[in-house]
>>> print(open('run-v8.pdb').read())   # PDB, C-alpha atoms
MODEL        1
ATOM      1  CA  MET Q   1      -3.148  21.217 -32.073  1.00  0.00           C
ATOM      2  CA  ASN Q   2      -3.944  24.272 -34.238  1.00  0.00           C
ATOM      3  CA  LYS Q   3      -5.092  23.267 -37.705  1.00  0.00           C
ATOM      4  CA  THR Q   4      -4.945  25.871 -40.447  1.00  0.00           C
ATOM      5  CA  LYS Q   5      -7.908  25.943 -42.801  1.00  0.00           C
ATOM      6  CA  MET Q   6      -6.865  25.571 -46.427  1.00  0.00           C
ATOM      7  CA  THR Q   7      -8.908  27.414 -49.048  1.00  0.00           C
ATOM      8  CA  LYS Q   8      -9.062  26.139 -52.606  1.00  0.00           C
ATOM      9  CA  TRP Q   9      -9.594  28.794 -55.288  1.00  0.00           C
ATOM     10  CA  ASN Q  10     -10.683  27.896 -58.824  1.00  0.00           C
ATOM     11  CA  ILE Q  11     -10.238  30.011 -61.923  1.00  0.00           C
ATOM     12  CA  ASP Q  12     -13.082  32.212 -63.126  1.00  0.00           C
ATOM     13  CA  MET Q  13     -12.564  31.693 -66.864  1.00  0.00           C
ATOM     14  CA  THR Q  14     -14.844  34.538 -67.936  1.00  0.00           C
ATOM     15  CA  HIS Q  15     -12.612  37.048 -66.122  1.00  0.00           C
ATOM     16  CA  SER Q  16      -9.164  35.559 -66.756  1.00  0.00           C
ATOM     17  CA  GLU Q  17      -6.662  35.377 -69.589  1.00  0.00           C
ATOM     18  CA  ILE Q  18      -3.208  34.002 -70.227  1.00  0.00           C
ATOM     19  CA  SER Q  19      -1.461  36.116 -72.853  1.00  0.00           C
ATOM     20  CA  PHE Q  20       2.005  36.769 -74.190  1.00  0.00           C
ATOM     21  CA  LYS Q  21       3.748  39.283 -76.430  1.00  0.00           C
ATOM     22  CA  VAL Q  22       6.722  38.647 -78.701  1.00  0.00           C
ATOM     23  CA  LYS Q  23       8.583  41.192 -80.828  1.00  0.00           C
ATOM     24  CA  HIS Q  24       8.149  40.534 -84.542  1.00  0.00           C
ATOM     25  CA  MET Q  25      10.916  41.780 -86.867  1.00  0.00           C
ATOM     26  CA  MET Q  26      11.979  43.832 -83.827  1.00  0.00           C
ATOM     27  CA  ILE Q  27       9.525  46.603 -84.783  1.00  0.00           C
ATOM     28  CA  SER Q  28       6.147  45.424 -83.460  1.00  0.00           C
ATOM     29  CA  ASN Q  29       4.601  43.010 -80.983  1.00  0.00           C
ATOM     30  CA  VAL Q  30       2.502  39.957 -81.715  1.00  0.00           C
ATOM     31  CA  THR Q  31       0.030  39.059 -78.964  1.00  0.00           C
ATOM     32  CA  GLY Q  32      -1.177  35.540 -78.349  1.00  0.00           C
ATOM     33  CA  TYR Q  33      -3.368  33.688 -75.880  1.00  0.00           C
ATOM     34  CA  PHE Q  34      -3.870  30.215 -74.541  1.00  0.00           C
ATOM     35  CA  GLU Q  35      -7.610  29.672 -74.657  1.00  0.00           C
ATOM     36  CA  ASP Q  36      -7.775  26.289 -72.878  1.00  0.00           C
ATOM     37  CA  PHE Q  37      -6.163  26.484 -69.454  1.00  0.00           C
ATOM     38  CA  ASN Q  38      -6.788  25.804 -65.799  1.00  0.00           C
ATOM     39  CA  VAL Q  39      -5.285  27.541 -62.800  1.00  0.00           C
ATOM     40  CA  MET Q  40      -5.832  26.640 -59.172  1.00  0.00           C
ATOM     41  CA  VAL Q  41      -4.643  28.224 -55.957  1.00  0.00           C
ATOM     42  CA  VAL Q  42      -4.592  26.760 -52.462  1.00  0.00           C
ATOM     43  CA  THR Q  43      -3.916  29.077 -49.548  1.00  0.00           C
ATOM     44  CA  ASN Q  44      -4.316  29.286 -45.796  1.00  0.00           C
ATOM     45  CA  ASN Q  45      -4.441  33.096 -45.440  1.00  0.00           C
ATOM     46  CA  GLU Q  46      -6.201  36.115 -46.981  1.00  0.00           C
ATOM     47  CA  GLY Q  47      -2.946  37.627 -48.275  1.00  0.00           C
ATOM     48  CA  PHE Q  48      -2.138  34.482 -50.260  1.00  0.00           C
ATOM     49  CA  ILE Q  49       1.405  34.450 -48.810  1.00  0.00           C
ATOM     50  CA  ASN Q  50       2.980  31.064 -49.644  1.00  0.00           C
ATOM     51  CA  ALA Q  51      -0.121  30.071 -51.615  1.00  0.00           C
ATOM     52  CA  GLU Q  52       0.318  27.139 -53.975  1.00  0.00           C
ATOM     53  CA  PHE Q  53      -0.352  28.129 -57.592  1.00  0.00           C
ATOM     54  CA  SER Q  54      -0.670  25.506 -60.324  1.00  0.00           C
ATOM     55  CA  PHE Q  55      -1.341  26.097 -63.988  1.00  0.00           C
ATOM     56  CA  VAL Q  56      -1.852  23.923 -67.064  1.00  0.00           C
ATOM     57  CA  ALA Q  57      -2.478  25.178 -70.609  1.00  0.00           C
ATOM     58  CA  LYS Q  58      -3.232  23.114 -73.685  1.00  0.00           C
ATOM     59  CA  THR Q  59      -0.638  24.093 -76.283  1.00  0.00           C
ATOM     60  CA  ASP Q  60      -3.117  23.316 -79.078  1.00  0.00           C
ATOM     61  CA  SER Q  61      -5.273  26.201 -77.797  1.00  0.00           C
ATOM     62  CA  ILE Q  62      -2.743  28.887 -78.776  1.00  0.00           C
ATOM     63  CA  ASN Q  63      -4.379  31.764 -80.637  1.00  0.00           C
ATOM     64  CA  THR Q  64      -2.579  34.730 -82.215  1.00  0.00           C
ATOM     65  CA  LYS Q  65      -5.496  35.644 -84.495  1.00  0.00           C
ATOM     66  CA  ASN Q  66      -3.574  34.344 -87.526  1.00  0.00           C
ATOM     67  CA  ASN Q  67      -4.241  30.744 -88.607  1.00  0.00           C
ATOM     68  CA  ASP Q  68      -0.953  30.300 -90.515  1.00  0.00           C
ATOM     69  CA  ARG Q  69       1.090  31.590 -87.565  1.00  0.00           C
ATOM     70  CA  ASP Q  70      -0.912  29.447 -85.119  1.00  0.00           C
ATOM     71  CA  ARG Q  71      -0.246  26.319 -87.224  1.00  0.00           C
ATOM     72  CA  HIS Q  72       3.464  27.191 -87.233  1.00  0.00           C
ATOM     73  CA  LEU Q  73       3.472  27.681 -83.436  1.00  0.00           C
ATOM     74  CA  LYS Q  74       1.792  24.288 -83.012  1.00  0.00           C
ATOM     75  CA  SER Q  75       4.451  22.578 -85.179  1.00  0.00           C
ATOM     76  CA  ASP Q  76       7.764  21.102 -84.042  1.00  0.00           C
ATOM     77  CA  ASP Q  77       9.438  24.451 -84.774  1.00  0.00           C
ATOM     78  CA  PHE Q  78       7.793  25.690 -81.561  1.00  0.00           C
ATOM     79  CA  PHE Q  79       5.383  23.833 -79.231  1.00  0.00           C
ATOM     80  CA  ASN Q  80       4.987  20.483 -81.064  1.00  0.00           C
ATOM     81  CA  VAL Q  81       1.462  20.083 -79.697  1.00  0.00           C
ATOM     82  CA  GLU Q  82       1.232  16.408 -80.649  1.00  0.00           C
ATOM     83  CA  LYS Q  83       4.242  15.409 -78.552  1.00  0.00           C
ATOM     84  CA  TYR Q  84       3.898  18.105 -75.845  1.00  0.00           C
ATOM     85  CA  PRO Q  85       0.169  18.828 -75.417  1.00  0.00           C
ATOM     86  CA  GLU Q  86       0.526  20.884 -72.227  1.00  0.00           C
ATOM     87  CA  LEU Q  87       2.667  23.528 -70.645  1.00  0.00           C
ATOM     88  CA  LYS Q  88       2.673  23.669 -66.850  1.00  0.00           C
ATOM     89  CA  PHE Q  89       3.628  25.911 -63.956  1.00  0.00           C
ATOM     90  CA  LYS Q  90       3.899  24.941 -60.278  1.00  0.00           C
ATOM     91  CA  SER Q  91       4.811  27.522 -57.688  1.00  0.00           C
ATOM     92  CA  LYS Q  92       7.571  27.158 -55.127  1.00  0.00           C
ATOM     93  CA  THR Q  93       7.129  30.429 -53.199  1.00  0.00           C
ATOM     94  CA  PHE Q  94       4.891  33.475 -53.187  1.00  0.00           C
ATOM     95  CA  ASP Q  95       5.662  36.442 -50.937  1.00  0.00           C
ATOM     96  CA  GLY Q  96       2.756  38.632 -52.037  1.00  0.00           C
ATOM     97  CA  ASN Q  97       4.747  40.397 -54.775  1.00  0.00           C
ATOM     98  CA  THR Q  98       6.925  37.736 -56.402  1.00  0.00           C
ATOM     99  CA  LEU Q  99       5.850  34.302 -57.568  1.00  0.00           C
ATOM    100  CA  ILE Q 100       8.664  31.797 -58.112  1.00  0.00           C
ATOM    101  CA  GLY Q 101       8.033  28.407 -59.618  1.00  0.00           C
ATOM    102  CA  ASP Q 102       8.830  25.833 -62.248  1.00  0.00           C
ATOM    103  CA  LEU Q 103       7.599  26.338 -65.811  1.00  0.00           C
ATOM    104  CA  THR Q 104       7.587  23.277 -68.055  1.00  0.00           C
ATOM    105  CA  ILE Q 105       7.403  23.601 -71.850  1.00  0.00           C
ATOM    106  CA  ARG Q 106       8.328  20.710 -74.192  1.00  0.00           C
ATOM    107  CA  ASP Q 107       9.357  18.625 -71.146  1.00  0.00           C
ATOM    108  CA  ILE Q 108      11.970  21.223 -70.209  1.00  0.00           C
ATOM    109  CA  THR Q 109      11.511  22.671 -66.725  1.00  0.00           C
ATOM    110  CA  LYS Q 110      13.054  25.970 -65.672  1.00  0.00           C
ATOM    111  CA  GLU Q 111      12.542  28.096 -62.607  1.00  0.00           C
ATOM    112  CA  ILE Q 112      11.006  31.472 -63.413  1.00  0.00           C
ATOM    113  CA  GLU Q 113      10.189  34.572 -61.386  1.00  0.00           C
ATOM    114  CA  LEU Q 114       7.006  36.550 -61.975  1.00  0.00           C
ATOM    115  CA  ASP Q 115       5.844  39.924 -60.630  1.00  0.00           C
ATOM    116  CA  VAL Q 116       2.407  39.860 -59.014  1.00  0.00           C
ATOM    117  CA  ASP Q 117      -0.123  42.553 -58.227  1.00  0.00           C
ATOM    118  CA  PHE Q 118      -2.629  41.032 -55.816  1.00  0.00           C
ATOM    119  CA  ASN Q 119      -5.743  43.147 -56.365  1.00  0.00           C
ATOM    120  CA  GLY Q 120      -7.568  41.918 -53.281  1.00  0.00           C
ATOM    121  CA  ILE Q 121     -10.604  39.906 -52.296  1.00  0.00           C
ATOM    122  CA  VAL Q 122     -14.230  40.957 -52.791  1.00  0.00           C
ATOM    123  CA  ILE Q 123     -17.700  39.496 -52.509  1.00  0.00           C
ATOM    124  CA  ASP Q 124     -19.422  39.715 -55.905  1.00  0.00           C
ATOM    125  CA  PRO Q 125     -23.116  40.687 -56.355  1.00  0.00           C
ATOM    126  CA  TYR Q 126     -24.050  36.995 -56.188  1.00  0.00           C
ATOM    127  CA  GLY Q 127     -22.370  36.414 -52.836  1.00  0.00           C
ATOM    128  CA  LYS Q 128     -19.280  34.607 -54.185  1.00  0.00           C
ATOM    129  CA  THR Q 129     -15.853  35.390 -52.781  1.00  0.00           C
ATOM    130  CA  LYS Q 130     -13.454  36.435 -55.550  1.00  0.00           C
ATOM    131  CA  ALA Q 131      -9.732  37.264 -55.673  1.00  0.00           C
ATOM    132  CA  GLY Q 132      -7.853  38.950 -58.510  1.00  0.00           C
ATOM    133  CA  PHE Q 133      -4.247  38.999 -59.695  1.00  0.00           C
ATOM    134  CA  GLU Q 134      -2.182  40.609 -62.436  1.00  0.00           C
ATOM    135  CA  ILE Q 135       0.984  38.614 -63.124  1.00  0.00           C
ATOM    136  CA  THR Q 136       3.777  39.701 -65.452  1.00  0.00           C
ATOM    137  CA  GLY Q 137       7.221  38.496 -66.371  1.00  0.00           C
ATOM    138  CA  SER Q 138       9.308  37.292 -69.245  1.00  0.00           C
ATOM    139  CA  VAL Q 139      11.008  34.103 -70.342  1.00  0.00           C
ATOM    140  CA  ASN Q 140      13.611  33.290 -72.946  1.00  0.00           C
ATOM    141  CA  ARG Q 141      11.840  30.956 -75.364  1.00  0.00           C
ATOM    142  CA  LYS Q 142      15.122  29.278 -76.323  1.00  0.00           C
ATOM    143  CA  ASP Q 143      15.459  28.015 -72.733  1.00  0.00           C
ATOM    144  CA  PHE Q 144      12.511  25.738 -73.579  1.00  0.00           C
ATOM    145  CA  ASN Q 145      13.802  24.579 -76.975  1.00  0.00           C
ATOM    146  CA  LEU Q 146      11.561  26.986 -78.910  1.00  0.00           C
ATOM    147  CA  THR Q 147      14.465  27.883 -81.163  1.00  0.00           C
ATOM    148  CA  TRP Q 148      13.080  28.508 -84.662  1.00  0.00           C
ATOM    149  CA  ASN Q 149      13.985  31.848 -86.179  1.00  0.00           C
ATOM    150  CA  ALA Q 150      14.778  33.548 -89.443  1.00  0.00           C
ATOM    151  CA  VAL Q 151      16.616  36.673 -90.523  1.00  0.00           C
ATOM    152  CA  THR Q 152      15.237  39.243 -92.941  1.00  0.00           C
ATOM    153  CA  GLU Q 153      17.198  40.590 -95.916  1.00  0.00           C
ATOM    154  CA  THR Q 154      18.162  43.611 -93.810  1.00  0.00           C
ATOM    155  CA  GLY Q 155      19.435  41.437 -90.962  1.00  0.00           C
ATOM    156  CA  SER Q 156      16.472  41.811 -88.589  1.00  0.00           C
ATOM    157  CA  ILE Q 157      15.494  38.820 -86.493  1.00  0.00           C
ATOM    158  CA  VAL Q 158      11.927  37.675 -87.205  1.00  0.00           C
ATOM    159  CA  VAL Q 159      11.043  36.508 -83.665  1.00  0.00           C
ATOM    160  CA  SER Q 160      12.526  37.849 -80.427  1.00  0.00           C
ATOM    161  CA  ASP Q 161      13.949  35.375 -77.902  1.00  0.00           C
ATOM    162  CA  SER Q 162      12.231  37.244 -75.062  1.00  0.00           C
ATOM    163  CA  VAL Q 163       8.548  36.489 -74.481  1.00  0.00           C
ATOM    164  CA  LYS Q 164       6.553  38.804 -72.212  1.00  0.00           C
ATOM    165  CA  LEU Q 165       3.880  37.137 -70.107  1.00  0.00           C
ATOM    166  CA  ILE Q 166       0.736  39.041 -69.149  1.00  0.00           C
ATOM    167  CA  ILE Q 167      -1.615  37.007 -66.989  1.00  0.00           C
ATOM    168  CA  ASN Q 168      -4.862  38.323 -65.511  1.00  0.00           C
ATOM    169  CA  LEU Q 169      -6.599  35.930 -63.165  1.00  0.00           C
ATOM    170  CA  GLN Q 170      -9.762  35.991 -61.125  1.00  0.00           C
ATOM    171  CA  PHE Q 171     -10.528  33.159 -58.715  1.00  0.00           C
ATOM    172  CA  PHE Q 172     -13.529  32.101 -56.670  1.00  0.00           C
ATOM    173  CA  THR Q 173     -13.684  29.904 -53.614  1.00  0.00           C
ATOM    174  CA  VAL Q 174     -15.084  26.431 -53.878  1.00  0.00           C
TER     175      VAL Q 174
ENDMDL
END
>>> encode(input="run-v8.pdb", output="structure tokens")
Amino acid sequence: MNKTKMTKWNIDMTHSEISFKVKHMMISNVTGYFEDFNVMVVTNNEGFINAEFSFVAKTDSINTKNNDRDRHLKSDDFFNVEKYPELKFKSKTFDGNTLIGDLTIRDITKEIELDVDFNGIVIDPYGKTKAGFEITGSVNRKDFNLTWNAVTETGSIVVSDSVKLIINLQFFTV
């Protein structure tokens, strides 16, 4: 019987970030980050085809570099961090370019599709095997019951429904 060796990859936090961009008043973008997160990948091949990606972020770790906005995002208008302390992603398929999986925010789970640039595998100067990815996509925040909004005097929407995801990840083998 041929057994395939599974490789577990852990996140290199000093070289990774989970960020998002949302249009504000439809004229500029606000960028935010989740500072407390963990991502793990398990694969049985160097191309990561059909690798299993899992991700958890603490919603209380959201940071948009504005304390008032961060408090609002942590409230029930958005993430409700007391009731829903984590958001999660679990992959279903990965073909090398497209990552499909279930994203859960506020106990609502939706399938999403993300574009992936797999930047390869290298050995770092300390002899550790590393792999890097750039992952992008977008979600409709209202699909996850993040529905708060307001309208300006001129009729502009304060917060766009579409949220762009920009995820840069570096992993190392365990």
>>> resolve_selection(input="run-v8.pdb", expression="the PyMOL selection byres ((chain Q and resi 140) around 10)", output="VMD selection string")
chain Q and resid 138 to 139 141 to 147 160 to 164
>>> closest_residue(input="run-v8.pdb", among="Q:Arg71, Q:Thr31, Q:Met13, Q:Phe171", to="Lys128 in chain Q", atoms="all atoms listed in the file")
Q:Phe171
>>> atom_distance(input="run-v8.pdb", atom1="CA of Asp77 in chain Q", atom2="CA of Asn149 in chain Q")
8.8 Å
>>> resolve_selection(input="run-v8.pdb", expression="the PyMOL selection byres ((chain Q and resi 111) around 6)", output="JSON, numbers by chain")
{"Q": [101, 102, 110, 112]}
>>> residues_near_point(input="run-v8.pdb", point="(3.9, 44.8, -50.9)", cutoff="10 Å", atoms="only C-alpha atoms", output="PDB file with C-alpha atoms, in the coordinates of the input")
ATOM      1  CA  ASP Q  95       5.662  36.442 -50.937  1.00  0.00           C
ATOM      2  CA  GLY Q  96       2.756  38.632 -52.037  1.00  0.00           C
ATOM      3  CA  ASN Q  97       4.747  40.397 -54.775  1.00  0.00           C
ATOM      4  CA  THR Q  98       6.925  37.736 -56.402  1.00  0.00           C
ATOM      5  CA  VAL Q 116       2.407  39.860 -59.014  1.00  0.00           C
ATOM      6  CA  ASP Q 117      -0.123  42.553 -58.227  1.00  0.00           C
ATOM      7  CA  PHE Q 118      -2.629  41.032 -55.816  1.00  0.00           C
TER       8      PHE Q 118
END
>>> residues_around(input="run-v8.pdb", residues="Phe48 in chain Q", least_positions_apart="4", cutoff="8 Å", atoms="all atoms listed in the file", output="NGL selection string")
:Q and (43-44 or 94 or 96)
>>> write_last_selection(input="run-v8.pdb", atoms="C-alpha atoms", output="mmCIF file, in the coordinates of the input")
data_model
loop_
_atom_site.group_PDB
_atom_site.id
_atom_site.type_symbol
_atom_site.label_atom_id
_atom_site.label_comp_id
_atom_site.auth_asym_id
_atom_site.auth_seq_id
_atom_site.Cartn_x
_atom_site.Cartn_y
_atom_site.Cartn_z
ATOM 1 C CA THR Q 43 -3.916 29.077 -49.548
ATOM 2 C CA ASN Q 44 -4.316 29.286 -45.796
ATOM 3 C CA PHE Q 94 4.891 33.475 -53.187
ATOM 4 C CA GLY Q 96 2.756 38.632 -52.037
#
>>> atom_distance(input="run-v8.pdb", atom1="CA of Leu165 in chain Q", atom2="CA of Lys8 in chain Q")
24.4 Å
>>> closest_residue(input="run-v8.pdb", among="Q:Asn168, Q:Ser75, Q:Asn10, Q:Asn80", to="Asn119 in chain Q", atoms="only C-alpha atoms")
Q:Asn168
>>> atom_distance(input="run-v8.pdb", atom1="CA of Tyr33 in chain Q", atom2="CA of Ala51 in chain Q")
24.7 Å
>>> resolve_selection(input="run-v8.pdb", expression="the PyMOL selection byres ((chain Q and resi 64) around 12)", output="list in words")
Ser19, Phe20, Lys21, Val22, Asn29, Val30, Thr31, Gly32, Tyr33, Phe34, Glu35, Asp60, Ser61, Ile62, Asn63, Lys65, Asn66, Asn67, Asp68, Arg69, Asp70, Arg71, His72, Leu73 and Lys74 of chain Q
>>> closest_residue(input="run-v8.pdb", among="Q:Glu113, Q:Glu82, Q:Asp12, Q:Asp36", to="Ile135 in chain Q", atoms="all atoms listed in the file")
Q:Glu113
>>> closest_residue(input="run-v8.pdb", among="Q:Lys5, Q:Lys83, Q:His24, Q:Lys92", to="Ser54 in chain Q", atoms="all atoms listed in the file")
Q:Lys92
>>> decode(input="run-v8.pdb", residues="range 122-144 of chain Q", atoms="N, CA, C and O atoms", output="PDB file, in the first residue's frame")
ATOM      1  N   VAL Q 122      10.830  27.839  -0.734  1.00  0.00           N
ATOM      2  CA  VAL Q 122      12.266  28.123  -0.629  1.00  0.00           C
ATOM      3  C   VAL Q 122      12.786  27.614   0.716  1.00  0.00           C
ATOM      4  O   VAL Q 122      12.009  27.383   1.643  1.00  0.00           O
ATOM      5  N   ILE Q 123      14.102  27.488   0.781  1.00  0.00           N
ATOM      6  CA  ILE Q 123      14.773  27.223   2.046  1.00  0.00           C
ATOM      7  C   ILE Q 123      15.346  28.556   2.507  1.00  0.00           C
ATOM      8  O   ILE Q 123      16.104  29.194   1.775  1.00  0.00           O
ATOM      9  N   ASP Q 124      14.980  29.005   3.711  1.00  0.00           N
ATOM     10  CA  ASP Q 124      15.467  30.302   4.187  1.00  0.00           C
ATOM     11  C   ASP Q 124      16.921  30.187   4.667  1.00  0.00           C
ATOM     12  O   ASP Q 124      17.478  29.079   4.711  1.00  0.00           O
ATOM     13  N   PRO Q 125      17.562  31.307   5.020  1.00  0.00           N
ATOM     14  CA  PRO Q 125      18.972  31.271   5.441  1.00  0.00           C
ATOM     15  C   PRO Q 125      19.238  30.432   6.695  1.00  0.00           C
ATOM     16  O   PRO Q 125      20.379  30.109   6.992  1.00  0.00           O
ATOM     17  N   TYR Q 126      18.166  30.076   7.404  1.00  0.00           N
ATOM     18  CA  TYR Q 126      18.322  29.279   8.627  1.00  0.00           C
ATOM     19  C   TYR Q 126      17.991  27.807   8.405  1.00  0.00           C
ATOM     20  O   TYR Q 126      17.891  27.036   9.352  1.00  0.00           O
ATOM     21  N   GLY Q 127      17.767  27.447   7.138  1.00  0.00           N
ATOM     22  CA  GLY Q 127      17.504  26.055   6.800  1.00  0.00           C
ATOM     23  C   GLY Q 127      16.054  25.617   6.902  1.00  0.00           C
ATOM     24  O   GLY Q 127      15.745  24.449   6.746  1.00  0.00           O
ATOM     25  N   LYS Q 128      15.133  26.572   7.152  1.00  0.00           N
ATOM     26  CA  LYS Q 128      13.710  26.228   7.251  1.00  0.00           C
ATOM     27  C   LYS Q 128      13.053  26.289   5.876  1.00  0.00           C
ATOM     28  O   LYS Q 128      13.327  27.192   5.086  1.00  0.00           O
ATOM     29  N   THR Q 129      12.165  25.348   5.628  1.00  0.00           N
ATOM     30  CA  THR Q 129      11.409  25.332   4.382  1.00  0.00           C
ATOM     31  C   THR Q 129      10.212  26.256   4.530  1.00  0.00           C
ATOM     32  O   THR Q 129       9.438  26.150   5.485  1.00  0.00           O
ATOM     33  N   LYS Q 130      10.083  27.190   3.568  1.00  0.00           N
ATOM     34  CA  LYS Q 130       9.009  28.191   3.620  1.00  0.00           C
ATOM     35  C   LYS Q 130       8.214  28.152   2.317  1.00  0.00           C
ATOM     36  O   LYS Q 130       8.737  27.814   1.264  1.00  0.00           O
ATOM     37  N   ALA Q 131       6.937  28.510   2.402  1.00  0.00           N
ATOM     38  CA  ALA Q 131       6.064  28.628   1.232  1.00  0.00           C
ATOM     39  C   ALA Q 131       5.285  29.929   1.365  1.00  0.00           C
ATOM     40  O   ALA Q 131       4.904  30.325   2.471  1.00  0.00           O
ATOM     41  N   GLY Q 132       5.048  30.596   0.226  1.00  0.00           N
ATOM     42  CA  GLY Q 132       4.361  31.882   0.266  1.00  0.00           C
ATOM     43  C   GLY Q 132       3.182  31.959  -0.681  1.00  0.00           C
ATOM     44  O   GLY Q 132       3.212  31.379  -1.771  1.00  0.00           O
ATOM     45  N   PHE Q 133       2.154  32.690  -0.250  1.00  0.00           N
ATOM     46  CA  PHE Q 133       0.919  32.841  -1.014  1.00  0.00           C
ATOM     47  C   PHE Q 133       0.428  34.274  -0.945  1.00  0.00           C
ATOM     48  O   PHE Q 133       0.561  34.939   0.089  1.00  0.00           O
ATOM     49  N   GLU Q 134      -0.173  34.740  -2.035  1.00  0.00           N
ATOM     50  CA  GLU Q 134      -0.952  35.969  -2.055  1.00  0.00           C
ATOM     51  C   GLU Q 134      -2.368  35.563  -2.436  1.00  0.00           C
ATOM     52  O   GLU Q 134      -2.574  34.935  -3.476  1.00  0.00           O
ATOM     53  N   ILE Q 135      -3.327  35.904  -1.589  1.00  0.00           N
ATOM     54  CA  ILE Q 135      -4.715  35.476  -1.783  1.00  0.00           C
ATOM     55  C   ILE Q 135      -5.593  36.724  -1.820  1.00  0.00           C
ATOM     56  O   ILE Q 135      -5.489  37.586  -0.943  1.00  0.00           O
ATOM     57  N   THR Q 136      -6.435  36.814  -2.838  1.00  0.00           N
ATOM     58  CA  THR Q 136      -7.325  37.965  -2.961  1.00  0.00           C
ATOM     59  C   THR Q 136      -8.733  37.501  -3.295  1.00  0.00           C
ATOM     60  O   THR Q 136      -8.944  36.403  -3.821  1.00  0.00           O
ATOM     61  N   GLY Q 137      -9.678  38.343  -3.004  1.00  0.00           N
ATOM     62  CA  GLY Q 137     -11.069  38.064  -3.324  1.00  0.00           C
ATOM     63  C   GLY Q 137     -11.940  39.149  -2.736  1.00  0.00           C
ATOM     64  O   GLY Q 137     -11.446  40.166  -2.231  1.00  0.00           O
ATOM     65  N   SER Q 138     -13.228  38.933  -2.806  1.00  0.00           N
ATOM     66  CA  SER Q 138     -14.145  39.881  -2.183  1.00  0.00           C
ATOM     67  C   SER Q 138     -15.368  39.131  -1.678  1.00  0.00           C
ATOM     68  O   SER Q 138     -15.706  38.056  -2.170  1.00  0.00           O
ATOM     69  N   VAL Q 139     -15.989  39.717  -0.672  1.00  0.00           N
ATOM     70  CA  VAL Q 139     -17.224  39.170  -0.115  1.00  0.00           C
ATOM     71  C   VAL Q 139     -18.213  40.320   0.048  1.00  0.00           C
ATOM     72  O   VAL Q 139     -17.813  41.481   0.170  1.00  0.00           O
ATOM     73  N   ASN Q 140     -19.479  39.975   0.057  1.00  0.00           N
ATOM     74  CA  ASN Q 140     -20.519  40.940   0.362  1.00  0.00           C
ATOM     75  C   ASN Q 140     -20.761  40.848   1.865  1.00  0.00           C
ATOM     76  O   ASN Q 140     -21.214  39.812   2.368  1.00  0.00           O
ATOM     77  N   ARG Q 141     -20.462  41.912   2.582  1.00  0.00           N
ATOM     78  CA  ARG Q 141     -20.567  41.884   4.042  1.00  0.00           C
ATOM     79  C   ARG Q 141     -21.987  41.601   4.517  1.00  0.00           C
ATOM     80  O   ARG Q 141     -22.198  40.994   5.569  1.00  0.00           O
ATOM     81  N   LYS Q 142     -22.982  42.001   3.731  1.00  0.00           N
ATOM     82  CA  LYS Q 142     -24.373  41.781   4.133  1.00  0.00           C
ATOM     83  C   LYS Q 142     -24.748  40.301   4.124  1.00  0.00           C
ATOM     84  O   LYS Q 142     -25.664  39.894   4.830  1.00  0.00           O
ATOM     85  N   ASP Q 143     -24.016  39.492   3.354  1.00  0.00           N
ATOM     86  CA  ASP Q 143     -24.234  38.039   3.375  1.00  0.00           C
ATOM     87  C   ASP Q 143     -23.965  37.452   4.751  1.00  0.00           C
ATOM     88  O   ASP Q 143     -24.421  36.363   5.069  1.00  0.00           O
ATOM     89  N   PHE Q 144     -23.190  38.165   5.575  1.00  0.00           N
ATOM     90  CA  PHE Q 144     -22.815  37.686   6.904  1.00  0.00           C
ATOM     91  C   PHE Q 144     -23.463  38.517   8.013  1.00  0.00           C
ATOM     92  O   PHE Q 144     -22.973  38.568   9.130  1.00  0.00           O
TER      93      PHE Q 144
END
